[in-house]
>>> print(open('protein.cif').read())   # mmCIF, N, CA and C atoms
data_query
loop_
_atom_site.label_atom_id
_atom_site.label_comp_id
_atom_site.auth_asym_id
_atom_site.auth_seq_id
_atom_site.Cartn_x
_atom_site.Cartn_y
_atom_site.Cartn_z
N MET R 1 -18.47 -5.61 -10.55
CA MET R 1 -18.14 -4.26 -10.15
C MET R 1 -17.54 -4.22 -8.75
N THR R 2 -17.93 -5.16 -7.88
CA THR R 2 -17.43 -5.17 -6.52
C THR R 2 -15.92 -5.43 -6.49
N VAL R 3 -15.43 -6.36 -7.31
CA VAL R 3 -13.99 -6.63 -7.35
C VAL R 3 -13.24 -5.41 -7.86
N ALA R 4 -13.76 -4.77 -8.90
CA ALA R 4 -13.10 -3.57 -9.44
C ALA R 4 -13.05 -2.47 -8.38
N ARG R 5 -14.14 -2.29 -7.65
CA ARG R 5 -14.17 -1.28 -6.58
C ARG R 5 -13.15 -1.63 -5.50
N SER R 6 -13.11 -2.88 -5.12
CA SER R 6 -12.18 -3.32 -4.09
C SER R 6 -10.73 -3.09 -4.52
N VAL R 7 -10.40 -3.44 -5.75
CA VAL R 7 -9.04 -3.25 -6.26
C VAL R 7 -8.69 -1.76 -6.27
N LEU R 8 -9.63 -0.93 -6.73
CA LEU R 8 -9.39 0.52 -6.74
C LEU R 8 -9.14 1.04 -5.32
N LEU R 9 -9.91 0.56 -4.36
CA LEU R 9 -9.71 0.98 -2.97
C LEU R 9 -8.36 0.52 -2.43
N PHE R 10 -7.93 -0.68 -2.81
CA PHE R 10 -6.60 -1.14 -2.40
C PHE R 10 -5.52 -0.24 -2.99
N VAL R 11 -5.68 0.15 -4.25
CA VAL R 11 -4.69 1.03 -4.88
C VAL R 11 -4.66 2.38 -4.17
N LEU R 12 -5.84 2.95 -3.90
CA LEU R 12 -5.90 4.24 -3.19
C LEU R 12 -5.30 4.13 -1.79
N ALA R 13 -5.60 3.04 -1.10
CA ALA R 13 -5.04 2.83 0.24
C ALA R 13 -3.52 2.74 0.17
N ALA R 14 -3.00 2.04 -0.83
CA ALA R 14 -1.55 1.90 -0.97
C ALA R 14 -0.89 3.25 -1.24
N ILE R 15 -1.50 4.04 -2.10
CA ILE R 15 -0.94 5.37 -2.39
C ILE R 15 -0.91 6.21 -1.12
N ALA R 16 -2.00 6.17 -0.36
CA ALA R 16 -2.06 6.97 0.87
C ALA R 16 -1.06 6.47 1.91
N GLU R 17 -1.01 5.16 2.12
CA GLU R 17 -0.13 4.65 3.18
C GLU R 17 1.34 4.73 2.78
N ILE R 18 1.66 4.25 1.61
CA ILE R 18 3.06 4.26 1.19
C ILE R 18 3.54 5.70 0.98
N GLY R 19 2.68 6.51 0.37
CA GLY R 19 3.02 7.92 0.19
C GLY R 19 3.18 8.63 1.51
N GLY R 20 2.31 8.34 2.47
CA GLY R 20 2.42 8.95 3.79
C GLY R 20 3.69 8.55 4.50
N ALA R 21 4.01 7.27 4.45
CA ALA R 21 5.24 6.81 5.08
C ALA R 21 6.46 7.43 4.40
N TRP R 22 6.40 7.55 3.07
CA TRP R 22 7.51 8.16 2.33
C TRP R 22 7.68 9.63 2.71
N LEU R 23 6.56 10.34 2.88
CA LEU R 23 6.64 11.74 3.28
C LEU R 23 7.27 11.89 4.67
N VAL R 24 6.87 11.03 5.60
CA VAL R 24 7.48 11.06 6.94
C VAL R 24 8.97 10.74 6.83
N TRP R 25 9.31 9.74 6.05
CA TRP R 25 10.72 9.38 5.82
C TRP R 25 11.49 10.59 5.30
N GLN R 26 10.93 11.26 4.30
CA GLN R 26 11.59 12.43 3.73
C GLN R 26 11.75 13.53 4.77
N GLY R 27 10.71 13.75 5.56
CA GLY R 27 10.76 14.78 6.58
C GLY R 27 11.81 14.53 7.64
N VAL R 28 11.94 13.26 8.05
CA VAL R 28 12.87 12.92 9.12
C VAL R 28 14.25 12.58 8.57
N ARG R 29 14.33 11.59 7.70
CA ARG R 29 15.63 11.08 7.24
C ARG R 29 16.34 12.02 6.27
N GLU R 30 15.54 12.74 5.48
CA GLU R 30 16.14 13.65 4.50
C GLU R 30 16.08 15.11 4.97
N HIS R 31 15.64 15.31 6.22
CA HIS R 31 15.63 16.63 6.87
C HIS R 31 14.82 17.67 6.09
N ARG R 32 13.66 17.24 5.59
CA ARG R 32 12.82 18.18 4.84
C ARG R 32 11.84 18.93 5.73
N GLY R 33 11.71 18.52 6.97
CA GLY R 33 10.96 19.30 7.93
C GLY R 33 9.56 18.81 8.26
N TRP R 34 8.97 19.59 9.15
CA TRP R 34 7.67 19.24 9.73
C TRP R 34 6.52 19.27 8.74
N ILE R 35 6.60 20.10 7.72
CA ILE R 35 5.51 20.13 6.73
C ILE R 35 5.41 18.78 6.04
N TRP R 36 6.54 18.19 5.68
CA TRP R 36 6.54 16.88 5.04
C TRP R 36 6.02 15.82 6.01
N ILE R 37 6.46 15.91 7.25
CA ILE R 37 6.01 14.95 8.26
C ILE R 37 4.50 15.08 8.48
N GLY R 38 4.02 16.31 8.61
CA GLY R 38 2.58 16.53 8.81
C GLY R 38 1.76 16.03 7.64
N ALA R 39 2.23 16.27 6.42
CA ALA R 39 1.52 15.76 5.23
C ALA R 39 1.49 14.24 5.24
N GLY R 40 2.59 13.64 5.68
CA GLY R 40 2.65 12.19 5.78
C GLY R 40 1.66 11.64 6.79
N VAL R 41 1.56 12.29 7.93
CA VAL R 41 0.61 11.85 8.96
C VAL R 41 -0.83 11.96 8.44
N ILE R 42 -1.12 13.01 7.73
CA ILE R 42 -2.47 13.16 7.15
C ILE R 42 -2.74 12.05 6.14
N ALA R 43 -1.76 11.78 5.29
CA ALA R 43 -1.93 10.71 4.29
C ALA R 43 -2.12 9.36 4.97
N LEU R 44 -1.38 9.12 6.05
CA LEU R 44 -1.54 7.85 6.76
C LEU R 44 -2.93 7.73 7.38
N GLY R 45 -3.46 8.85 7.88
CA GLY R 45 -4.83 8.84 8.39
C GLY R 45 -5.84 8.58 7.28
N LEU R 46 -5.59 9.14 6.11
CA LEU R 46 -6.47 8.90 4.96
C LEU R 46 -6.46 7.42 4.58
N TYR R 47 -5.30 6.79 4.66
CA TYR R 47 -5.22 5.35 4.40
C TYR R 47 -6.19 4.59 5.31
N GLY R 48 -6.18 4.91 6.59
CA GLY R 48 -7.07 4.22 7.53
C GLY R 48 -8.53 4.40 7.16
N PHE R 49 -8.88 5.57 6.67
CA PHE R 49 -10.25 5.82 6.25
C PHE R 49 -10.60 5.03 4.99
N VAL R 50 -9.72 5.05 4.00
CA VAL R 50 -9.98 4.36 2.73
C VAL R 50 -10.20 2.87 2.97
N ALA R 51 -9.44 2.28 3.87
CA ALA R 51 -9.59 0.85 4.16
C ALA R 51 -11.00 0.51 4.63
N THR R 52 -11.66 1.42 5.31
CA THR R 52 -13.02 1.16 5.81
C THR R 52 -14.06 1.11 4.69
N LEU R 53 -13.71 1.58 3.50
CA LEU R 53 -14.65 1.61 2.39
C LEU R 53 -14.70 0.30 1.60
N GLN R 54 -13.85 -0.66 1.95
CA GLN R 54 -13.86 -1.95 1.26
C GLN R 54 -15.24 -2.60 1.42
N PRO R 55 -15.72 -3.27 0.36
CA PRO R 55 -17.05 -3.89 0.45
C PRO R 55 -17.12 -5.06 1.44
N ASP R 56 -16.04 -5.76 1.68
CA ASP R 56 -16.03 -6.85 2.66
C ASP R 56 -16.08 -6.26 4.05
N ALA R 57 -16.83 -6.88 4.93
CA ALA R 57 -17.02 -6.34 6.28
C ALA R 57 -16.01 -6.87 7.29
N ASN R 58 -15.09 -7.74 6.88
CA ASN R 58 -14.16 -8.38 7.81
C ASN R 58 -12.83 -7.63 7.86
N PHE R 59 -12.61 -6.93 8.97
CA PHE R 59 -11.40 -6.13 9.15
C PHE R 59 -10.13 -6.96 8.95
N GLY R 60 -10.07 -8.10 9.59
CA GLY R 60 -8.88 -8.94 9.51
C GLY R 60 -8.58 -9.38 8.09
N ARG R 61 -9.61 -9.77 7.35
CA ARG R 61 -9.42 -10.20 5.97
C ARG R 61 -8.89 -9.05 5.11
N ILE R 62 -9.48 -7.89 5.27
CA ILE R 62 -9.06 -6.74 4.45
C ILE R 62 -7.62 -6.37 4.76
N LEU R 63 -7.26 -6.29 6.04
CA LEU R 63 -5.88 -5.91 6.38
C LEU R 63 -4.89 -6.97 5.98
N ALA R 64 -5.27 -8.25 6.11
CA ALA R 64 -4.36 -9.32 5.68
C ALA R 64 -4.12 -9.24 4.17
N ALA R 65 -5.19 -9.07 3.42
CA ALA R 65 -5.03 -8.95 1.96
C ALA R 65 -4.27 -7.69 1.60
N TYR R 66 -4.55 -6.61 2.28
CA TYR R 66 -3.86 -5.35 1.98
C TYR R 66 -2.36 -5.49 2.18
N GLY R 67 -1.95 -6.34 3.09
CA GLY R 67 -0.52 -6.56 3.30
C GLY R 67 0.19 -6.93 2.00
N GLY R 68 -0.44 -7.76 1.19
CA GLY R 68 0.14 -8.13 -0.10
C GLY R 68 0.19 -6.97 -1.06
N VAL R 69 -0.85 -6.15 -1.04
CA VAL R 69 -0.87 -4.94 -1.88
C VAL R 69 0.24 -4.00 -1.44
N PHE R 70 0.44 -3.89 -0.13
CA PHE R 70 1.48 -3.02 0.40
C PHE R 70 2.87 -3.46 -0.06
N VAL R 71 3.12 -4.76 -0.05
CA VAL R 71 4.43 -5.27 -0.47
C VAL R 71 4.69 -4.90 -1.93
N ALA R 72 3.76 -5.23 -2.81
CA ALA R 72 3.94 -4.94 -4.23
C ALA R 72 3.97 -3.44 -4.48
N GLY R 73 3.08 -2.71 -3.82
CA GLY R 73 3.03 -1.26 -4.00
C GLY R 73 4.29 -0.56 -3.52
N SER R 74 4.88 -1.06 -2.45
CA SER R 74 6.11 -0.46 -1.93
C SER R 74 7.25 -0.60 -2.93
N LEU R 75 7.36 -1.77 -3.53
CA LEU R 75 8.39 -1.97 -4.55
C LEU R 75 8.15 -1.05 -5.75
N LEU R 76 6.89 -0.97 -6.17
CA LEU R 76 6.55 -0.09 -7.30
C LEU R 76 6.84 1.37 -6.96
N TRP R 77 6.47 1.79 -5.77
CA TRP R 77 6.74 3.17 -5.32
C TRP R 77 8.25 3.45 -5.38
N GLY R 78 9.03 2.52 -4.85
CA GLY R 78 10.48 2.68 -4.86
C GLY R 78 11.02 2.81 -6.27
N MET R 79 10.46 2.06 -7.20
CA MET R 79 10.89 2.15 -8.60
C MET R 79 10.58 3.51 -9.19
N VAL R 80 9.35 3.96 -9.00
CA VAL R 80 8.89 5.20 -9.63
C VAL R 80 9.49 6.43 -8.96
N VAL R 81 9.51 6.45 -7.65
CA VAL R 81 9.88 7.66 -6.93
C VAL R 81 11.37 7.73 -6.58
N ASP R 82 11.95 6.60 -6.22
CA ASP R 82 13.34 6.60 -5.74
C ASP R 82 14.35 5.94 -6.68
N GLY R 83 13.89 5.44 -7.82
CA GLY R 83 14.81 4.81 -8.76
C GLY R 83 15.30 3.44 -8.33
N PHE R 84 14.60 2.80 -7.40
CA PHE R 84 14.94 1.46 -6.94
C PHE R 84 14.69 0.45 -8.06
N ARG R 85 15.58 -0.50 -8.21
CA ARG R 85 15.41 -1.56 -9.20
C ARG R 85 15.31 -2.90 -8.49
N PRO R 86 14.11 -3.46 -8.42
CA PRO R 86 13.95 -4.75 -7.74
C PRO R 86 14.64 -5.86 -8.52
N ASP R 87 15.12 -6.85 -7.79
CA ASP R 87 15.69 -8.01 -8.47
C ASP R 87 14.60 -9.05 -8.67
N ARG R 88 14.95 -10.16 -9.26
CA ARG R 88 13.93 -11.18 -9.59
C ARG R 88 13.26 -11.73 -8.34
N TRP R 89 13.96 -11.73 -7.22
CA TRP R 89 13.38 -12.24 -5.98
C TRP R 89 12.37 -11.25 -5.40
N ASP R 90 12.65 -9.98 -5.54
CA ASP R 90 11.66 -8.97 -5.14
C ASP R 90 10.39 -9.14 -5.96
N VAL R 91 10.55 -9.28 -7.25
CA VAL R 91 9.39 -9.43 -8.15
C VAL R 91 8.64 -10.72 -7.84
N ALA R 92 9.37 -11.81 -7.66
CA ALA R 92 8.71 -13.09 -7.33
C ALA R 92 7.94 -12.98 -6.02
N GLY R 93 8.55 -12.38 -5.02
CA GLY R 93 7.87 -12.21 -3.74
C GLY R 93 6.61 -11.36 -3.86
N ALA R 94 6.70 -10.28 -4.62
CA ALA R 94 5.53 -9.41 -4.80
C ALA R 94 4.42 -10.15 -5.53
N LEU R 95 4.77 -10.95 -6.53
CA LEU R 95 3.74 -11.71 -7.26
C LEU R 95 3.08 -12.74 -6.35
N ILE R 96 3.87 -13.39 -5.50
CA ILE R 96 3.31 -14.33 -4.53
C ILE R 96 2.33 -13.61 -3.61
N CYS R 97 2.71 -12.41 -3.15
CA CYS R 97 1.83 -11.63 -2.28
C CYS R 97 0.53 -11.28 -2.98
N LEU R 98 0.60 -10.91 -4.26
CA LEU R 98 -0.61 -10.53 -4.99
C LEU R 98 -1.51 -11.74 -5.24
N VAL R 99 -0.93 -12.91 -5.42
CA VAL R 99 -1.75 -14.13 -5.49
C VAL R 99 -2.45 -14.33 -4.16
N GLY R 100 -1.74 -14.09 -3.07
CA GLY R 100 -2.37 -14.19 -1.75
C GLY R 100 -3.53 -13.22 -1.59
N VAL R 101 -3.37 -12.01 -2.09
CA VAL R 101 -4.47 -11.03 -2.05
C VAL R 101 -5.69 -11.59 -2.77
N ALA R 102 -5.47 -12.12 -3.97
CA ALA R 102 -6.58 -12.65 -4.77
C ALA R 102 -7.28 -13.80 -4.04
N VAL R 103 -6.51 -14.68 -3.43
CA VAL R 103 -7.11 -15.81 -2.72
C VAL R 103 -7.89 -15.33 -1.50
N ILE R 104 -7.28 -14.46 -0.72
CA ILE R 104 -7.93 -14.00 0.51
C ILE R 104 -9.21 -13.20 0.20
N MET R 105 -9.14 -12.30 -0.76
CA MET R 105 -10.26 -11.38 -0.99
C MET R 105 -11.31 -11.89 -1.96
N TYR R 106 -10.89 -12.62 -2.98
CA TYR R 106 -11.80 -12.86 -4.09
C TYR R 106 -12.14 -14.33 -4.35
N ALA R 107 -11.64 -15.23 -3.53
CA ALA R 107 -12.01 -16.64 -3.69
C ALA R 107 -13.49 -16.82 -3.36
N PRO R 108 -14.15 -17.72 -4.07
CA PRO R 108 -15.58 -17.95 -3.78
C PRO R 108 -15.75 -18.50 -2.36
N ARG R 109 -16.76 -18.02 -1.68
CA ARG R 109 -17.04 -18.45 -0.33
C ARG R 109 -18.52 -18.82 -0.22
N ALA R 110 -18.78 -19.76 0.68
CA ALA R 110 -20.17 -20.12 0.94
C ALA R 110 -20.87 -18.93 1.59
N ALA R 111 -22.09 -18.71 1.22
CA ALA R 111 -22.85 -17.56 1.75
C ALA R 111 -23.28 -17.73 3.14
#
>>> encode(input="protein.cif", output="structure tokens")
Amino acid sequence: MTVARSVLLFVLAAIAEIGGAWLVWQGVREHRGWIWIGAGVIALGLYGFVATLQPDANFGRILAAYGGVFVAGSLLWGMVVDGFRPDRWDVAGALICLVGVAVIMYAPRAA
């Protein structure tokens, strides 16, 4: 159950961070205004909170692993929201990152 909880928290963190950054991008680059920017800032703050709920107590480990989730999640977000089509190198890189997440977070460790 701990791995499932951790994965769910990574997904929620990615939605909050990537979504927040996208909202700020829309507010600034697409001239949608301060409401979009403010919503993005709130979502980015929520990301920071969600990260603290990970079962592992090591900040560096969680953020390092989350980096891989961010890479894959950003490509997925771009596909779903912006119509971006990753090439095989994007996909390969994202898969490498997700393997890194699994090694960093879920490899067996001595107690």
>>> select_by_dssp(input="protein.cif", residues="chain R", states="alpha helix (DSSP H)", output="ChimeraX atom specification")
/R:2-29,34-51,59-82,88-106
>>> closest_residue(input="protein.cif", among="R:Val103, R:Ala92, R:Val41, R:Leu63", to="Gly20 of chain R", atoms="only C-alpha atoms")
R:Val41
>>> axis_aligned_box(input="protein.cif", around="segment 56-70 of chain R", padding_each_side="8 Å", output="AutoDock Vina command-line options")
--center_x -7.1 --center_y -6.6 --center_z 3.9 --size_x 35.9 --size_y 23.2 --size_z 27.5
>>> atom_distance(input="protein.cif", atom1="atom CA of Val81 of chain R", atom2="atom CA of Gly19 of chain R")
9.9 Å
>>> atom_distance(input="protein.cif", atom1="atom N of Val28 of chain R", atom2="atom CA of Tyr66 of chain R")
25.2 Å
>>> closest_residue(input="protein.cif", among="R:Val91, R:Ala4, R:Ala43, R:Ala51", to="Gly67 of chain R", atoms="only C-alpha atoms")
R:Ala51
>>> residues_near_point(input="protein.cif", point="(7.9, 18.5, 8.7)", cutoff="8 Å", atoms="all atoms listed in the file", output="list in words")
Leu23, Val24, Gln26, Gly27, Val28, His31, Arg32, Gly33, Trp34, Ile35, Trp36, Ile37, Gly38, Ala39 and Gly40 of chain R
>>> closest_residue(input="protein.cif", among="R:Gly83, R:Phe10, R:Gly73, R:Ala65", to="Ala107 of chain R", atoms="only C-alpha atoms")
R:Ala65
>>> residues_near_point(input="protein.cif", point="(-0.7, 7.7, 0.9)", cutoff="7 Å", atoms="all atoms listed in the file", output="JSON, numbers by chain")
{"R": [12, 13, 14, 15, 16, 17, 18, 19, 20, 21, 43, 44, 46, 47]}
>>> write_last_selection(input="protein.cif", atoms="N, CA and C atoms", output="PDB file, in the frame of the given file")
ATOM      1  N   LEU R  12      -5.840   2.950  -3.900  1.00  0.00           N
ATOM      2  CA  LEU R  12      -5.900   4.240  -3.190  1.00  0.00           C
ATOM      3  C   LEU R  12      -5.300   4.130  -1.790  1.00  0.00           C
ATOM      4  N   ALA R  13      -5.600   3.040  -1.100  1.00  0.00           N
ATOM      5  CA  ALA R  13      -5.040   2.830   0.240  1.00  0.00           C
ATOM      6  C   ALA R  13      -3.520   2.740   0.170  1.00  0.00           C
ATOM      7  N   ALA R  14      -3.000   2.040  -0.830  1.00  0.00           N
ATOM      8  CA  ALA R  14      -1.550   1.900  -0.970  1.00  0.00           C
ATOM      9  C   ALA R  14      -0.890   3.250  -1.240  1.00  0.00           C
ATOM     10  N   ILE R  15      -1.500   4.040  -2.100  1.00  0.00           N
ATOM     11  CA  ILE R  15      -0.940   5.370  -2.390  1.00  0.00           C
ATOM     12  C   ILE R  15      -0.910   6.210  -1.120  1.00  0.00           C
ATOM     13  N   ALA R  16      -2.000   6.170  -0.360  1.00  0.00           N
ATOM     14  CA  ALA R  16      -2.060   6.970   0.870  1.00  0.00           C
ATOM     15  C   ALA R  16      -1.060   6.470   1.910  1.00  0.00           C
ATOM     16  N   GLU R  17      -1.010   5.160   2.120  1.00  0.00           N
ATOM     17  CA  GLU R  17      -0.130   4.650   3.180  1.00  0.00           C
ATOM     18  C   GLU R  17       1.340   4.730   2.780  1.00  0.00           C
ATOM     19  N   ILE R  18       1.660   4.250   1.610  1.00  0.00           N
ATOM     20  CA  ILE R  18       3.060   4.260   1.190  1.00  0.00           C
ATOM     21  C   ILE R  18       3.540   5.700   0.980  1.00  0.00           C
ATOM     22  N   GLY R  19       2.680   6.510   0.370  1.00  0.00           N
ATOM     23  CA  GLY R  19       3.020   7.920   0.190  1.00  0.00           C
ATOM     24  C   GLY R  19       3.180   8.630   1.510  1.00  0.00           C
ATOM     25  N   GLY R  20       2.310   8.340   2.470  1.00  0.00           N
ATOM     26  CA  GLY R  20       2.420   8.950   3.790  1.00  0.00           C
ATOM     27  C   GLY R  20       3.690   8.550   4.500  1.00  0.00           C
ATOM     28  N   ALA R  21       4.010   7.270   4.450  1.00  0.00           N
ATOM     29  CA  ALA R  21       5.240   6.810   5.080  1.00  0.00           C
ATOM     30  C   ALA R  21       6.460   7.430   4.400  1.00  0.00           C
ATOM     31  N   ALA R  43      -1.760  11.780   5.290  1.00  0.00           N
ATOM     32  CA  ALA R  43      -1.930  10.710   4.290  1.00  0.00           C
ATOM     33  C   ALA R  43      -2.120   9.360   4.970  1.00  0.00           C
ATOM     34  N   LEU R  44      -1.380   9.120   6.050  1.00  0.00           N
ATOM     35  CA  LEU R  44      -1.540   7.850   6.760  1.00  0.00           C
ATOM     36  C   LEU R  44      -2.930   7.730   7.380  1.00  0.00           C
ATOM     37  N   LEU R  46      -5.590   9.140   6.110  1.00  0.00           N
ATOM     38  CA  LEU R  46      -6.470   8.900   4.960  1.00  0.00           C
ATOM     39  C   LEU R  46      -6.460   7.420   4.580  1.00  0.00           C
ATOM     40  N   TYR R  47      -5.300   6.790   4.660  1.00  0.00           N
ATOM     41  CA  TYR R  47      -5.220   5.350   4.400  1.00  0.00           C
ATOM     42  C   TYR R  47      -6.190   4.590   5.310  1.00  0.00           C
TER      43      TYR R  47
END
>>> closest_residue(input="protein.cif", among="R:Ile42, R:Leu8, R:Ala110, R:Cys97", to="Val71 of chain R", atoms="only N, CA and C atoms")
R:Cys97
>>> closest_residue(input="protein.cif", among="R:Trp22, R:Val3, R:Leu98, R:Leu9", to="Val69 of chain R", atoms="all atoms listed in the file")
R:Leu98
>>> closest_residue(input="protein.cif", among="R:Gly60, R:Gly48, R:Asp82, R:Ala72", to="Leu95 of chain R", atoms="all atoms listed in the file")
R:Ala72
>>> atom_distance(input="protein.cif", atom1="atom CA of Met105 of chain R", atom2="atom CA of Phe84 of chain R")
28.9 Å
>>> decode(input="protein.cif", residues="segment 67-76 of chain R", atoms="all heavy atoms", output="PDB file, in the first residue's frame")
ATOM      1  N   GLY R  67      11.576  14.486  -9.894  1.00  0.00           N
ATOM      2  CA  GLY R  67      12.075  15.051 -11.147  1.00  0.00           C
ATOM      3  C   GLY R  67      11.740  14.168 -12.342  1.00  0.00           C
ATOM      4  O   GLY R  67      11.358  14.654 -13.405  1.00  0.00           O
ATOM      5  N   GLY R  68      11.862  12.861 -12.165  1.00  0.00           N
ATOM      6  CA  GLY R  68      11.510  11.933 -13.243  1.00  0.00           C
ATOM      7  C   GLY R  68      10.027  11.925 -13.537  1.00  0.00           C
ATOM      8  O   GLY R  68       9.601  11.846 -14.696  1.00  0.00           O
ATOM      9  N   VAL R  69       9.224  12.023 -12.485  1.00  0.00           N
ATOM     10  CA  VAL R  69       7.767  12.097 -12.659  1.00  0.00           C
ATOM     11  C   VAL R  69       7.418  13.379 -13.404  1.00  0.00           C
ATOM     12  O   VAL R  69       6.557  13.390 -14.292  1.00  0.00           O
ATOM     13  CB  VAL R  69       7.046  12.038 -11.294  1.00  0.00           C
ATOM     14  CG1 VAL R  69       5.558  12.260 -11.442  1.00  0.00           C
ATOM     15  CG2 VAL R  69       7.329  10.708 -10.596  1.00  0.00           C
ATOM     16  N   PHE R  70       8.099  14.470 -13.061  1.00  0.00           N
ATOM     17  CA  PHE R  70       7.856  15.753 -13.712  1.00  0.00           C
ATOM     18  C   PHE R  70       8.144  15.682 -15.208  1.00  0.00           C
ATOM     19  O   PHE R  70       7.380  16.194 -16.024  1.00  0.00           O
ATOM     20  CB  PHE R  70       8.709  16.844 -13.056  1.00  0.00           C
ATOM     21  CG  PHE R  70       8.530  18.192 -13.678  1.00  0.00           C
ATOM     22  CD1 PHE R  70       7.464  18.996 -13.317  1.00  0.00           C
ATOM     23  CD2 PHE R  70       9.414  18.663 -14.628  1.00  0.00           C
ATOM     24  CE1 PHE R  70       7.285  20.247 -13.891  1.00  0.00           C
ATOM     25  CE2 PHE R  70       9.256  19.906 -15.211  1.00  0.00           C
ATOM     26  CZ  PHE R  70       8.173  20.698 -14.837  1.00  0.00           C
ATOM     27  N   VAL R  71       9.240  15.043 -15.577  1.00  0.00           N
ATOM     28  CA  VAL R  71       9.603  14.930 -16.994  1.00  0.00           C
ATOM     29  C   VAL R  71       8.514  14.193 -17.763  1.00  0.00           C
ATOM     30  O   VAL R  71       7.988  14.676 -18.767  1.00  0.00           O
ATOM     31  CB  VAL R  71      10.969  14.223 -17.162  1.00  0.00           C
ATOM     32  CG1 VAL R  71      11.222  13.846 -18.612  1.00  0.00           C
ATOM     33  CG2 VAL R  71      12.097  15.103 -16.628  1.00  0.00           C
ATOM     34  N   ALA R  72       8.146  13.008 -17.285  1.00  0.00           N
ATOM     35  CA  ALA R  72       7.129  12.214 -17.977  1.00  0.00           C
ATOM     36  C   ALA R  72       5.771  12.909 -17.935  1.00  0.00           C
ATOM     37  O   ALA R  72       5.044  12.952 -18.935  1.00  0.00           O
ATOM     38  CB  ALA R  72       7.035  10.822 -17.342  1.00  0.00           C
ATOM     39  N   GLY R  73       5.434  13.481 -16.785  1.00  0.00           N
ATOM     40  CA  GLY R  73       4.152  14.165 -16.649  1.00  0.00           C
ATOM     41  C   GLY R  73       4.039  15.390 -17.533  1.00  0.00           C
ATOM     42  O   GLY R  73       2.970  15.689 -18.073  1.00  0.00           O
ATOM     43  N   SER R  74       5.138  16.103 -17.717  1.00  0.00           N
ATOM     44  CA  SER R  74       5.124  17.285 -18.578  1.00  0.00           C
ATOM     45  C   SER R  74       4.841  16.912 -20.023  1.00  0.00           C
ATOM     46  O   SER R  74       4.075  17.589 -20.718  1.00  0.00           O
ATOM     47  CB  SER R  74       6.454  18.031 -18.484  1.00  0.00           C
ATOM     48  OG  SER R  74       6.636  18.545 -17.183  1.00  0.00           O
ATOM     49  N   LEU R  75       5.451  15.839 -20.482  1.00  0.00           N
ATOM     50  CA  LEU R  75       5.187  15.379 -21.844  1.00  0.00           C
ATOM     51  C   LEU R  75       3.726  14.944 -21.987  1.00  0.00           C
ATOM     52  O   LEU R  75       3.060  15.275 -22.978  1.00  0.00           O
ATOM     53  CB  LEU R  75       6.130  14.239 -22.220  1.00  0.00           C
ATOM     54  CG  LEU R  75       7.596  14.635 -22.384  1.00  0.00           C
ATOM     55  CD1 LEU R  75       8.460  13.393 -22.565  1.00  0.00           C
ATOM     56  CD2 LEU R  75       7.791  15.600 -23.531  1.00  0.00           C
ATOM     57  N   LEU R  76       3.234  14.220 -20.994  1.00  0.00           N
ATOM     58  CA  LEU R  76       1.838  13.778 -21.025  1.00  0.00           C
ATOM     59  C   LEU R  76       0.885  14.975 -20.999  1.00  0.00           C
ATOM     60  O   LEU R  76      -0.096  15.034 -21.759  1.00  0.00           O
ATOM     61  CB  LEU R  76       1.556  12.836 -19.859  1.00  0.00           C
ATOM     62  CG  LEU R  76       0.180  12.196 -19.814  1.00  0.00           C
ATOM     63  CD1 LEU R  76      -0.077  11.365 -21.066  1.00  0.00           C
ATOM     64  CD2 LEU R  76       0.043  11.340 -18.574  1.00  0.00           C
TER      65      LEU R  76
END
